[in-house]
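Engineer: Compact mmCIF, C-alpha atoms and all ligand atoms, file my_file-v7.txt:
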```txt
# COMPACT_ATOMS: atom_id res chain seq x y z
CA MET A 1 80.90 81.83 120.29
CA LYS A 2 78.38 82.25 123.08
CA ASP A 3 74.59 82.20 122.60
CA GLY A 4 75.26 81.91 118.87
CA LYS A 5 77.14 85.23 118.82
CA LEU A 6 80.74 85.79 117.75
CA GLY A 7 83.05 87.15 120.41
CA TYR A 8 84.60 90.40 119.10
CA ALA A 9 87.44 92.55 120.44
CA VAL A 10 89.00 95.84 119.35
CA VAL A 11 92.60 96.92 119.98
CA GLY A 12 93.40 100.63 119.63
CA LEU A 13 90.65 103.09 120.47
CA GLY A 14 91.21 105.98 118.08
CA ILE A 15 89.34 104.94 114.95
CA GLY A 16 88.74 101.76 116.95
CA LYS A 17 85.76 103.65 118.45
CA ALA A 18 84.02 103.35 115.08
CA HIS A 19 84.67 99.58 115.19
CA VAL A 20 83.23 99.44 118.72
CA ASP A 21 80.03 101.21 117.61
CA ALA A 22 79.68 98.93 114.58
CA VAL A 23 80.22 95.79 116.70
CA LEU A 24 77.61 96.97 119.21
CA ALA A 25 75.15 97.55 116.34
CA ASN A 26 75.65 94.07 114.83
CA PRO A 27 73.16 91.52 116.23
CA HIS A 28 75.42 88.53 115.44
CA CYS A 29 78.35 89.43 117.67
CA ARG A 30 79.09 90.78 121.12
CA LEU A 31 81.88 93.09 122.22
CA VAL A 32 83.87 90.82 124.55
CA ALA A 33 86.87 93.10 125.07
CA VAL A 34 88.77 96.24 124.17
CA CYS A 35 92.48 96.93 124.57
CA ASP A 36 94.36 100.23 124.72
CA LEU A 37 97.28 101.71 126.62
CA ILE A 38 95.02 104.54 127.79
CA GLU A 39 92.49 103.50 130.43
CA GLU A 40 90.19 106.49 129.95
CA LYS A 41 89.60 105.47 126.34
CA MET A 42 88.50 102.02 127.51
CA ALA A 43 86.38 103.50 130.32
CA ARG A 44 84.37 105.44 127.70
CA VAL A 45 83.58 102.18 125.88
CA LEU A 46 82.59 100.46 129.12
CA GLU A 47 80.06 103.23 129.81
CA LYS A 48 78.25 102.12 126.65
CA SER A 49 78.92 98.41 127.09
CA PRO A 50 79.41 97.45 130.75
CA GLN A 51 79.85 93.69 130.00
CA THR A 52 82.96 94.40 127.93
CA LYS A 53 86.38 93.57 129.44
CA ALA A 54 89.21 96.11 129.33
CA TYR A 55 92.80 94.97 128.72
CA LEU A 56 95.86 97.18 129.05
CA ASP A 57 98.05 94.38 127.69
CA TYR A 58 97.44 92.94 124.23
CA GLU A 59 99.13 89.62 125.10
CA ASP A 60 96.64 89.17 127.94
CA MET A 61 93.73 89.85 125.60
CA LEU A 62 95.02 87.29 123.12
CA ARG A 63 94.65 84.59 125.81
CA ASP A 64 90.92 85.37 126.22
CA GLU A 65 89.12 82.32 124.82
CA GLU A 66 85.82 84.17 124.41
CA ILE A 67 87.32 86.23 121.58
CA ASP A 68 86.86 84.99 118.01
CA VAL A 69 87.67 88.15 116.00
CA ILE A 70 89.92 91.16 116.67
CA SER A 71 89.82 94.53 114.94
CA VAL A 72 93.41 95.82 114.74
CA CYS A 73 93.27 99.64 115.02
CA VAL A 74 96.72 100.51 116.38
CA PRO A 75 99.16 102.80 114.48
CA SER A 76 99.87 101.55 110.95
CA GLY A 77 103.44 100.37 111.58
CA MET A 78 102.12 97.92 114.20
CA HIS A 79 99.51 96.25 111.97
CA ALA A 80 101.55 93.19 110.98
CA ASP A 81 102.80 92.40 114.49
CA PHE A 82 99.33 92.74 116.03
CA SER A 83 97.55 90.85 113.22
CA VAL A 84 100.03 87.98 113.05
CA CYS A 85 99.99 87.45 116.86
CA ALA A 86 96.18 87.45 116.80
CA MET A 87 95.96 84.80 114.09
CA GLU A 88 98.60 82.70 115.82
CA ALA A 89 96.49 82.91 118.98
CA GLY A 90 93.55 81.48 116.99
CA LYS A 91 91.65 84.73 116.29
CA HIS A 92 90.34 86.08 112.99
CA VAL A 93 91.53 89.61 112.16
CA LEU A 94 90.03 92.74 110.63
CA CYS A 95 92.92 95.17 110.18
CA GLU A 96 92.70 98.91 109.52
CA LYS A 97 94.12 100.54 106.40
CA PRO A 98 96.84 100.80 105.28
CA ILE A 99 97.49 97.08 105.67
CA GLU A 100 101.10 97.95 106.68
CA LEU A 101 103.90 100.32 105.68
CA THR A 102 105.66 98.11 103.12
CA PRO A 103 104.52 95.22 100.92
CA GLU A 104 107.07 92.98 102.69
CA ARG A 105 105.53 93.67 106.12
CA ALA A 106 102.04 93.29 104.64
CA MET A 107 102.98 89.87 103.29
CA CYS A 108 103.55 88.70 106.90
CA ILE A 109 99.79 89.11 107.40
CA GLU A 110 99.02 87.13 104.24
CA GLU A 111 101.48 84.38 105.22
CA ALA A 112 100.00 84.13 108.73
CA ARG A 113 96.51 83.91 107.20
CA ILE A 114 97.59 80.96 105.07
CA ARG A 115 99.60 79.32 107.86
CA THR A 116 96.88 79.54 110.53
CA GLY A 117 93.78 79.13 108.35
CA LYS A 118 92.26 82.18 110.09
CA LYS A 119 90.47 84.93 108.20
CA ALA A 120 92.16 88.28 107.55
CA GLY A 121 90.14 91.22 106.25
CA ILE A 122 91.40 94.75 105.60
CA ILE A 123 89.36 97.95 105.98
CA PHE A 124 88.71 100.02 102.85
CA GLN A 125 85.21 101.22 103.69
CA ASN A 126 85.02 103.71 100.82
CA ARG A 127 84.62 100.86 98.35
CA ASN A 128 81.10 100.56 99.79
CA ASN A 129 80.15 104.21 99.20
CA ALA A 130 76.93 104.00 97.21
CA CYS A 131 78.21 106.00 94.24
CA MET A 132 81.16 103.65 93.66
CA LYS A 133 78.99 100.74 92.54
CA PRO A 134 77.52 102.38 89.39
CA MET A 135 80.92 103.91 88.59
CA LYS A 136 82.62 100.51 88.76
CA GLU A 137 79.81 98.85 86.77
CA ALA A 138 79.95 101.48 84.01
CA ILE A 139 83.70 100.84 83.62
CA ASP A 140 83.65 97.04 83.92
CA SER A 141 80.67 96.59 81.58
CA GLY A 142 82.38 98.71 78.90
CA ARG A 143 79.63 101.33 78.96
CA LEU A 144 82.18 104.08 79.63
CA GLY A 145 84.03 102.98 76.50
CA ARG A 146 87.80 103.14 76.46
CA VAL A 147 88.77 104.76 79.73
CA PHE A 148 91.66 107.08 78.90
CA CYS A 149 91.87 109.44 81.87
CA GLY A 150 91.28 109.68 85.60
CA THR A 151 91.80 112.58 87.96
CA PHE A 152 91.96 111.89 91.67
CA ALA A 153 92.57 114.55 94.29
CA VAL A 154 92.43 114.19 98.07
CA LYS A 155 92.51 117.80 99.23
CA TRP A 156 92.07 117.50 102.96
CA TYR A 157 93.16 119.50 105.96
CA ARG A 158 94.82 118.43 109.21
CA ASP A 159 96.03 120.92 111.83
CA ASP A 160 99.39 120.85 113.65
CA ALA A 161 97.91 119.08 116.68
CA TYR A 162 97.06 116.09 114.49
CA TYR A 163 100.76 115.59 113.77
CA GLU A 164 101.94 115.69 117.40
CA GLY A 165 102.16 111.88 117.77
CA TRP A 166 102.96 109.12 115.29
CA HIS A 167 101.13 110.67 112.30
CA GLY A 168 103.48 111.94 109.59
CA THR A 169 106.43 109.76 110.71
CA TRP A 170 108.22 107.31 108.42
CA ASP A 171 108.48 104.54 111.01
CA MET A 172 104.84 104.41 112.18
CA ASP A 173 102.75 106.17 109.47
CA GLY A 174 105.01 105.17 106.56
CA GLY A 175 104.49 108.58 104.96
CA GLY A 176 101.98 111.40 105.27
CA SER A 177 98.90 112.55 103.37
CA LEU A 178 99.22 109.82 100.73
CA ILE A 179 99.49 106.71 102.89
CA ASN A 180 97.24 107.91 105.66
CA GLN A 181 94.43 110.02 104.19
CA ALA A 182 94.63 109.24 100.45
CA VAL A 183 95.20 105.48 100.68
CA HIS A 184 91.43 104.97 100.32
CA THR A 185 91.43 106.86 97.03
CA VAL A 186 94.58 105.10 95.78
CA ASP A 187 92.69 101.87 96.41
CA LEU A 188 89.61 103.14 94.56
CA MET A 189 91.79 104.33 91.66
CA GLN A 190 93.43 100.93 91.14
CA TRP A 191 90.07 99.16 91.67
CA LEU A 192 88.52 101.29 88.93
CA LEU A 193 91.40 101.60 86.45
CA GLY A 194 93.31 98.35 86.98
CA GLU A 195 96.99 97.50 87.06
CA VAL A 196 99.56 100.29 87.11
CA GLU A 197 102.43 100.38 84.61
CA CYS A 198 104.47 103.28 86.02
CA VAL A 199 104.42 106.21 88.42
CA THR A 200 106.16 109.61 88.27
CA SER A 201 105.81 111.79 91.36
CA GLU A 202 106.86 114.75 93.43
CA MET A 203 106.27 115.36 97.12
CA ARG A 204 106.74 118.22 99.58
CA VAL A 205 106.35 119.18 103.21
CA VAL A 206 104.33 122.37 102.72
CA ASP A 207 102.77 123.46 105.96
CA HIS A 208 103.45 121.07 108.86
CA ASP A 209 106.45 120.25 111.03
CA ILE A 210 106.74 116.62 109.87
CA GLU A 211 109.46 114.43 108.33
CA THR A 212 107.39 112.77 105.57
CA GLU A 213 105.03 114.76 103.31
CA ASP A 214 101.80 116.73 103.38
CA PHE A 215 101.56 117.04 99.58
CA THR A 216 102.17 114.59 96.73
CA ALA A 217 101.45 114.94 93.02
CA SER A 218 101.72 112.00 90.61
CA LEU A 219 101.23 110.99 87.03
CA ILE A 220 100.18 107.35 86.83
CA ARG A 221 100.07 105.25 83.68
CA PHE A 222 97.97 102.06 83.67
CA LYS A 223 98.57 98.86 81.73
CA SER A 224 95.28 99.59 79.92
CA GLY A 225 96.88 102.74 78.47
CA ALA A 226 94.83 105.10 80.67
CA VAL A 227 96.67 107.90 82.46
CA ALA A 228 95.66 109.46 85.77
CA THR A 229 96.76 112.35 87.90
CA PHE A 230 96.73 111.88 91.66
CA VAL A 231 97.11 114.63 94.25
CA SER A 232 97.10 114.17 98.02
CA THR A 233 97.45 116.85 100.66
CA THR A 234 96.51 117.69 104.23
CA CYS A 235 97.16 121.41 103.64
CA ALA A 236 94.06 122.38 101.64
CA TYR A 237 92.44 124.63 104.22
CA PRO A 238 89.76 124.04 105.45
CA GLY A 239 89.44 120.67 103.66
CA ILE A 240 87.93 120.29 100.17
CA CYS A 241 86.13 117.31 98.71
CA THR A 242 87.90 114.24 97.36
CA ALA A 243 87.64 114.29 93.56
CA ILE A 244 87.18 110.92 91.83
CA GLN A 245 86.81 111.58 88.10
CA VAL A 246 86.90 109.08 85.27
CA TYR A 247 86.61 109.79 81.55
CA GLY A 248 86.05 107.29 78.75
CA THR A 249 85.12 107.43 75.10
CA GLY A 250 81.58 106.48 76.18
CA GLY A 251 81.09 109.17 78.80
CA SER A 252 82.25 110.99 81.92
CA ILE A 253 81.65 110.29 85.60
CA GLU A 254 82.69 112.45 88.54
CA ALA A 255 82.20 112.13 92.29
CA ASP A 256 83.00 114.43 95.19
CA GLY A 257 83.80 112.08 98.06
CA ASP A 258 80.83 109.73 98.26
CA SER A 259 78.49 111.89 96.14
CA LEU A 260 78.02 111.49 92.41
CA THR A 261 78.21 114.93 90.74
CA VAL A 262 78.50 114.14 87.00
CA TRP A 263 76.94 111.23 85.07
CA LYS A 264 77.08 111.88 81.33
CA MET A 265 76.74 108.85 79.05
CA ARG A 266 76.83 108.99 75.28
CA ASP A 267 74.12 106.32 75.20
CA GLY A 268 72.15 107.87 78.11
CA ASP A 269 69.65 110.71 78.38
CA GLU A 270 68.73 113.53 80.74
CA ASP A 271 66.23 111.39 82.65
CA GLU A 272 68.89 108.84 83.46
CA GLU A 273 71.33 111.55 84.49
CA GLU A 274 68.77 113.17 86.78
CA ASP A 275 67.84 109.81 88.29
CA MET A 276 71.50 108.88 88.94
CA LEU A 277 72.27 112.21 90.60
CA ASP A 278 69.11 111.89 92.73
CA ARG A 279 70.04 108.40 93.86
CA PHE A 280 73.79 108.72 94.28
CA GLY A 281 74.42 112.44 94.68
CA GLN A 282 73.41 112.71 98.33
CA GLY A 283 76.46 111.34 100.17
CA ASN A 284 77.95 112.93 103.24
CA ARG A 285 80.65 114.60 101.18
CA MET A 286 82.25 116.82 103.81
CA ALA A 287 82.48 114.17 106.55
CA SER A 288 86.10 113.45 107.47
CA ILE A 289 88.01 115.82 105.23
CA MET A 290 88.37 118.34 108.03
CA ASP A 291 87.83 116.22 111.13
CA PRO A 292 89.19 112.67 111.53
CA SER A 293 86.63 111.91 114.25
CA LEU A 294 83.86 112.08 111.61
CA VAL A 295 85.09 109.09 109.58
CA ALA A 296 82.07 107.00 108.61
CA GLY A 297 81.28 103.77 106.86
CA HIS A 298 82.78 101.11 109.13
CA GLN A 299 79.47 99.32 109.72
CA SER A 300 79.49 97.63 106.30
CA MET A 301 83.03 96.31 106.88
CA ILE A 302 82.39 94.95 110.38
CA ASP A 303 79.10 93.38 109.18
CA ASP A 304 81.00 91.78 106.28
CA MET A 305 83.69 90.36 108.59
CA VAL A 306 81.16 88.91 111.04
CA ASP A 307 79.23 87.32 108.19
CA ALA A 308 82.44 86.01 106.61
CA VAL A 309 83.34 84.19 109.84
CA LEU A 310 79.82 82.90 110.49
CA SER A 311 79.32 81.64 106.95
CA ASP A 312 82.94 80.57 106.46
CA ARG A 313 83.66 82.69 103.39
CA ASP A 314 86.39 85.19 102.52
CA PRO A 315 86.03 88.76 103.82
CA GLN A 316 85.38 91.51 101.24
CA ILE A 317 88.98 92.76 101.10
CA MET A 318 91.79 90.25 101.62
CA PRO A 319 95.48 91.14 102.22
CA MET A 320 96.61 90.62 98.60
CA GLU A 321 93.93 93.07 97.44
CA ALA A 322 94.93 95.68 100.03
CA ILE A 323 98.61 95.36 99.10
CA LYS A 324 97.88 96.76 95.61
CA ALA A 325 97.32 100.30 96.95
CA LEU A 326 100.39 99.97 99.17
CA ARG A 327 102.62 99.09 96.19
CA ILE A 328 101.43 102.21 94.35
CA ILE A 329 102.06 104.37 97.42
CA ARG A 330 105.59 103.02 97.84
CA ALA A 331 106.22 103.67 94.13
CA VAL A 332 105.05 107.29 94.53
CA TYR A 333 107.47 107.83 97.42
CA GLU A 334 110.31 106.14 95.56
CA SER A 335 109.72 108.25 92.47
CA ALA A 336 109.52 111.47 94.50
CA GLN A 337 112.73 110.60 96.37
CA THR A 338 114.78 109.49 93.33
CA GLY A 339 113.33 111.85 90.71
CA LYS A 340 112.80 108.84 88.44
CA THR A 341 109.77 107.09 87.01
CA VAL A 342 109.08 103.81 88.85
CA TYR A 343 107.97 100.89 86.64
CA PHE A 344 105.89 97.94 87.86
CA ASP A 345 106.55 94.33 86.78
N1 LIG B 401 89.46 103.50 107.91
C1 LIG B 401 89.61 104.77 108.20
O1 LIG B 401 88.96 105.64 107.63
C2 LIG B 401 90.63 105.17 109.24
C3 LIG B 401 90.52 106.41 109.88
C4 LIG B 401 91.47 106.76 110.85
C5 LIG B 401 92.52 105.89 111.13
N2 LIG B 401 92.61 104.70 110.46
C6 LIG B 401 93.75 103.79 110.71
O2 LIG B 401 93.60 103.26 112.02
C7 LIG B 401 94.88 103.12 112.64
C8 LIG B 401 94.90 103.93 113.93
O3 LIG B 401 94.80 105.29 113.58
P1 LIG B 401 94.18 106.37 114.62
O4 LIG B 401 94.11 107.64 113.85
O5 LIG B 401 92.93 105.82 115.23
O6 LIG B 401 95.35 106.45 115.69
P2 LIG B 401 95.25 106.92 117.20
O7 LIG B 401 96.63 107.26 117.62
O8 LIG B 401 94.16 107.92 117.36
O9 LIG B 401 94.76 105.59 117.95
C9 LIG B 401 95.61 104.47 118.10
C10 LIG B 401 95.33 103.86 119.46
O10 LIG B 401 96.14 102.69 119.61
C11 LIG B 401 96.56 102.63 120.97
N3 LIG B 401 97.76 101.82 121.09
C12 LIG B 401 99.01 102.11 120.65
N4 LIG B 401 99.86 101.13 120.98
C13 LIG B 401 99.13 100.18 121.61
C14 LIG B 401 99.45 98.92 122.21
N5 LIG B 401 100.70 98.45 122.22
N6 LIG B 401 98.45 98.22 122.79
C15 LIG B 401 97.19 98.69 122.80
N7 LIG B 401 96.82 99.88 122.25
C16 LIG B 401 97.79 100.61 121.69
C17 LIG B 401 96.81 104.08 121.34
O11 LIG B 401 96.79 104.30 122.74
C18 LIG B 401 95.65 104.78 120.64
O12 LIG B 401 94.52 104.92 121.48
C19 LIG B 401 95.90 103.60 111.61
O13 LIG B 401 96.43 102.51 110.92
C20 LIG B 401 95.10 104.48 110.68
O14 LIG B 401 95.61 104.52 109.36
C21 LIG B 401 91.68 104.33 109.55
```
Please lay out the structure from this file as structure tokens.
Ligand SMILES: NC(=O)c1ccc[n+]([C@@H]2O[C@H](COP(=O)([O-])OP(=O)(O)OC[C@H]3O[C@@H](n4cnc5c(N)ncnc54)[C@H](O)[C@@H]3O)[C@@H](O)[C@H]2O)c1

Structural biologist:
Amino acid sequence: MKDGKLGYAVVGLGIGKAHVDAVLANPHCRLVAVCDLIEEKMARVLEKSPQTKAYLDYEDMLRDEEIDVISVCVPSGMHADFSVCAMEAGKHVLCEKPIELTPERAMCIEEARIRTGKKAGIIFQNRNNACMKPMKEAIDSGRLGRVFCGTFAVKWYRDDAYYEGWHGTWDMDGGGSLINQAVHTVDLMQWLLGEVECVTSEMRVVDHDIETEDFTASLIRFKSGAVATFVSTTCAYPGICTAIQVYGTGGSIEADGDSLTVWKMRDGDEDEEEDMLDRFGQGNRMASIMDPSLVAGHQSMIDDMVDAVLSDRDPQIMPMEAIKALRIIRAVYESAQTGKTVYFD
């Protein structure tokens, strides 16, 4: 802390650039340092924020006593190592999604959080899309009645150049379209519909030269009795909206990305429907489905982390919450690889 502001650092300047912008826009913290292996990426940050220090070596950055919080934005298979080292060096951590590639690796983050007493938050910024709040409330309050069906489809597009590095590899991405692009929607699905009972899936490599998958299709049964279909792909040229659709005996709700498109309640009327679509139907629905550089929504998560540290409370999404989506993803891959339904405990 200096002048009452938290010292913040970001490691990994791909999506880390969105963290940098959010840190610079938050009045309660200052961007002390960035770290990347590529100097030009750091130079671009320093143009905006000349006081910020640039580290080529993460270990060196961890010794910087001005840093209170680190955003971990390196490739997914490095999340546990980078997060655990940070907490052991006395820093709080905000780690990008997916929390890690396996629940076992993700648990290292949770165990370090408990051991060090530091805070660990995980990024799932789509939970804060405006249209998700009324959807969640309609389900949790029982207004949607008995929810029997969900359909979720992440029909995005990524070109071959996107897959030239670590993306689409088992050892660093942990999969393909499902764990990287669709993990947000897997998280929303389990947040809305609750605990999963079993998963039956198929996967393919359709249109990229990668070892993992660029298309998965699953049937997911929940402990509540609801059943959902889930599709993920990065081959749907040129990138189509993410469908989030939930049906209950009390009504139907659909969203395209972060825009509400259907709000039909048995106990509602046309005025309510019109009002809901006016208020929640205006999201930026095409944002990142074609272009990863247009990912939005990190401000709410960085603001939450800074406030969590300053007011000594838990961050919005803790490791055990983020692991839920990861368990579903691993079950999808296991089912697709074995041809069998995977049951949860
Ligand atoms: N929340 C979101 O919507 C969102 C969007 C995109 C990516 N992500 C996640 O962010 C993470 C990074 O993805 P990306 O697409 O930005 O990847 P990227 O490859 O574009 O960026 C990763 C950066 O980490 C740097 N790096 C790698 N090893 C390093 C090391 N040892 N020390 C310092 N820097 C190192 C690389 O040089 C690179 O600049 C992934 O886990 C991904 O799933 C989240």

Engineer: When you draw a straight line from CA of His79 (chain A) to CA of Met318 (chain A), how long is it in Å?

Structural biologist: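 Rounded to one decimal, the two atoms are 14.2 Å apart.
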
Engineer: Pick out the residues sitting within 7 Å of region 41-44 of chain A, and hand them over as a PDB file with C-alpha atoms, in the coordinates of the input; count only C-alpha atoms, and ignore anything fewer than 4 positions along from it in its own chain.

Structural biologist:
```
ATOM      1  CA  LEU A  13      90.650 103.090 120.470  1.00  0.00           C
ATOM      2  CA  VAL A  34      88.770  96.240 124.170  1.00  0.00           C
ATOM      3  CA  ASP A  36      94.360 100.230 124.720  1.00  0.00           C
ATOM      4  CA  ALA A  54      89.210  96.110 129.330  1.00  0.00           C
TER       5      ALA A  54
END
```

Engineer: Could you pull out the residues sitting within 8 Å of ligand LIG 401 (chain B), using only C-alpha atoms and all ligand atoms, and write them as a ChimeraX atom specification?

Structural biologist: /A:11-16,35-38,41,56-58,72-79,96-100,123-125,165-167,173,179-181,184,292-293,295-298

Engineer: I'd like the neighbourhood of Asp278 (chain A) as a ChimeraX atom specification, where a residue qualifies if any of its atoms comes within 12 Å (using only C-alpha atoms), though same-chain residues fewer than 5 positions away should be ignored.

Structural biologist: /A:130-131,259-263,271-273,283

Engineer: Can you work out the spacing between CA of Leu277 (chain A) and CA of Phe152 (chain A) in Å, to one decimal?

Structural biologist: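 Atom-to-atom, CA of Leu277 (chain A) and CA of Phe152 (chain A) are spaced 19.7 Å apart.
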
Engineer: Figure out the distance between CA of Ala308 (chain A) and CA of Pro27 (chain A), please, to one decimal in Å.

Structural biologist: 14.5 Å

Engineer: Please list, as a list in words, the residues that have an atom at most 7 Å away from (100.9, 112.8, 100.9) in the coordinates of this file, counting only C-alpha atoms.

Structural biologist: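 Residues satisfying the cut-off, written out: Gly175, Gly176, Ser177, Leu178, Ile179, Glu213, Asp214, Phe215, Thr216, Ser232 and Thr233 of chain A.
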
Engineer: I want to know what sits within 7 Å of region 106-115 of chain A, based on all atoms listed in the file, with residues of the same chain fewer than 2 positions away left out; could you give that as a compact mmCIF listing (two decimals) with C-alpha atoms, keeping the file's coordinate frame?

Structural biologist:
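New file selection_22.txt:
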```
# COMPACT_ATOMS: atom_id res chain seq x y z
CA ALA A 80 101.55 93.19 110.98
CA SER A 83 97.55 90.85 113.22
CA VAL A 84 100.03 87.98 113.05
CA MET A 87 95.96 84.80 114.09
CA ILE A 99 97.49 97.08 105.67
CA GLU A 100 101.10 97.95 106.68
CA THR A 102 105.66 98.11 103.12
CA PRO A 103 104.52 95.22 100.92
CA GLU A 104 107.07 92.98 102.69
CA GLY A 117 93.78 79.13 108.35
CA LYS A 118 92.26 82.18 110.09
CA LYS A 119 90.47 84.93 108.20
CA ALA A 120 92.16 88.28 107.55
CA PRO A 319 95.48 91.14 102.22
CA ILE A 323 98.61 95.36 99.10
```

Engineer: Here is a test: counting all atoms listed in the file, which residue of A:Gly7, A:Gly168, A:Gly250, A:Gly174 is nearest to Val205 (chain A)?

Structural biologist: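 For Val205 (chain A), the nearest of the candidates is A:Gly168.
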
Engineer: Can you work out which one of A:Lys91, A:Lys133, A:Lys48, A:Lys5 has the shortest atom-to-atom distance to Val20 (chain A), counting only C-alpha atoms?

Structural biologist: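 With only C-alpha atoms as the atom set, the closest residue is A:Lys48.
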
Engineer: Using all atoms listed in the file, determine which residues lie at most 9 Å from Ile67 (chain A), disregarding the query and same-chain residues fewer than 5 positions distant; provide the list as a PyMOL selection string.

Structural biologist: chain A and resi 1+6-9+31-33+61-62+91

Engineer: Could you write those residues out with C-alpha atoms, as a JSON list (two decimals), in the coordinates of the input?

Structural biologist:
```
[["chain", "number", "residue", "atom", "x", "y", "z"],
["A", 1, "MET", "CA", 80.90, 81.83, 120.29],
["A", 6, "LEU", "CA", 80.74, 85.79, 117.75],
["A", 7, "GLY", "CA", 83.05, 87.15, 120.41],
["A", 8, "TYR", "CA", 84.60, 90.40, 119.10],
["A", 9, "ALA", "CA", 87.44, 92.55, 120.44],
["A", 31, "LEU", "CA", 81.88, 93.09, 122.22],
["A", 32, "VAL", "CA", 83.87, 90.82, 124.55],
["A", 33, "ALA", "CA", 86.87, 93.10, 125.07],
["A", 61, "MET", "CA", 93.73, 89.85, 125.60],
["A", 62, "LEU", "CA", 95.02, 87.29, 123.12],
["A", 91, "LYS", "CA", 91.65, 84.73, 116.29]]
```

Engineer: My list of candidates is A:Asp303, A:Glu59, A:Glu274, A:Glu65. Which is closest to Asp21 (chain A) when distances are computed with only C-alpha atoms?

Structural biologist: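 Ranked by minimum distance to Asp21 (chain A), first place goes to A:Asp303.
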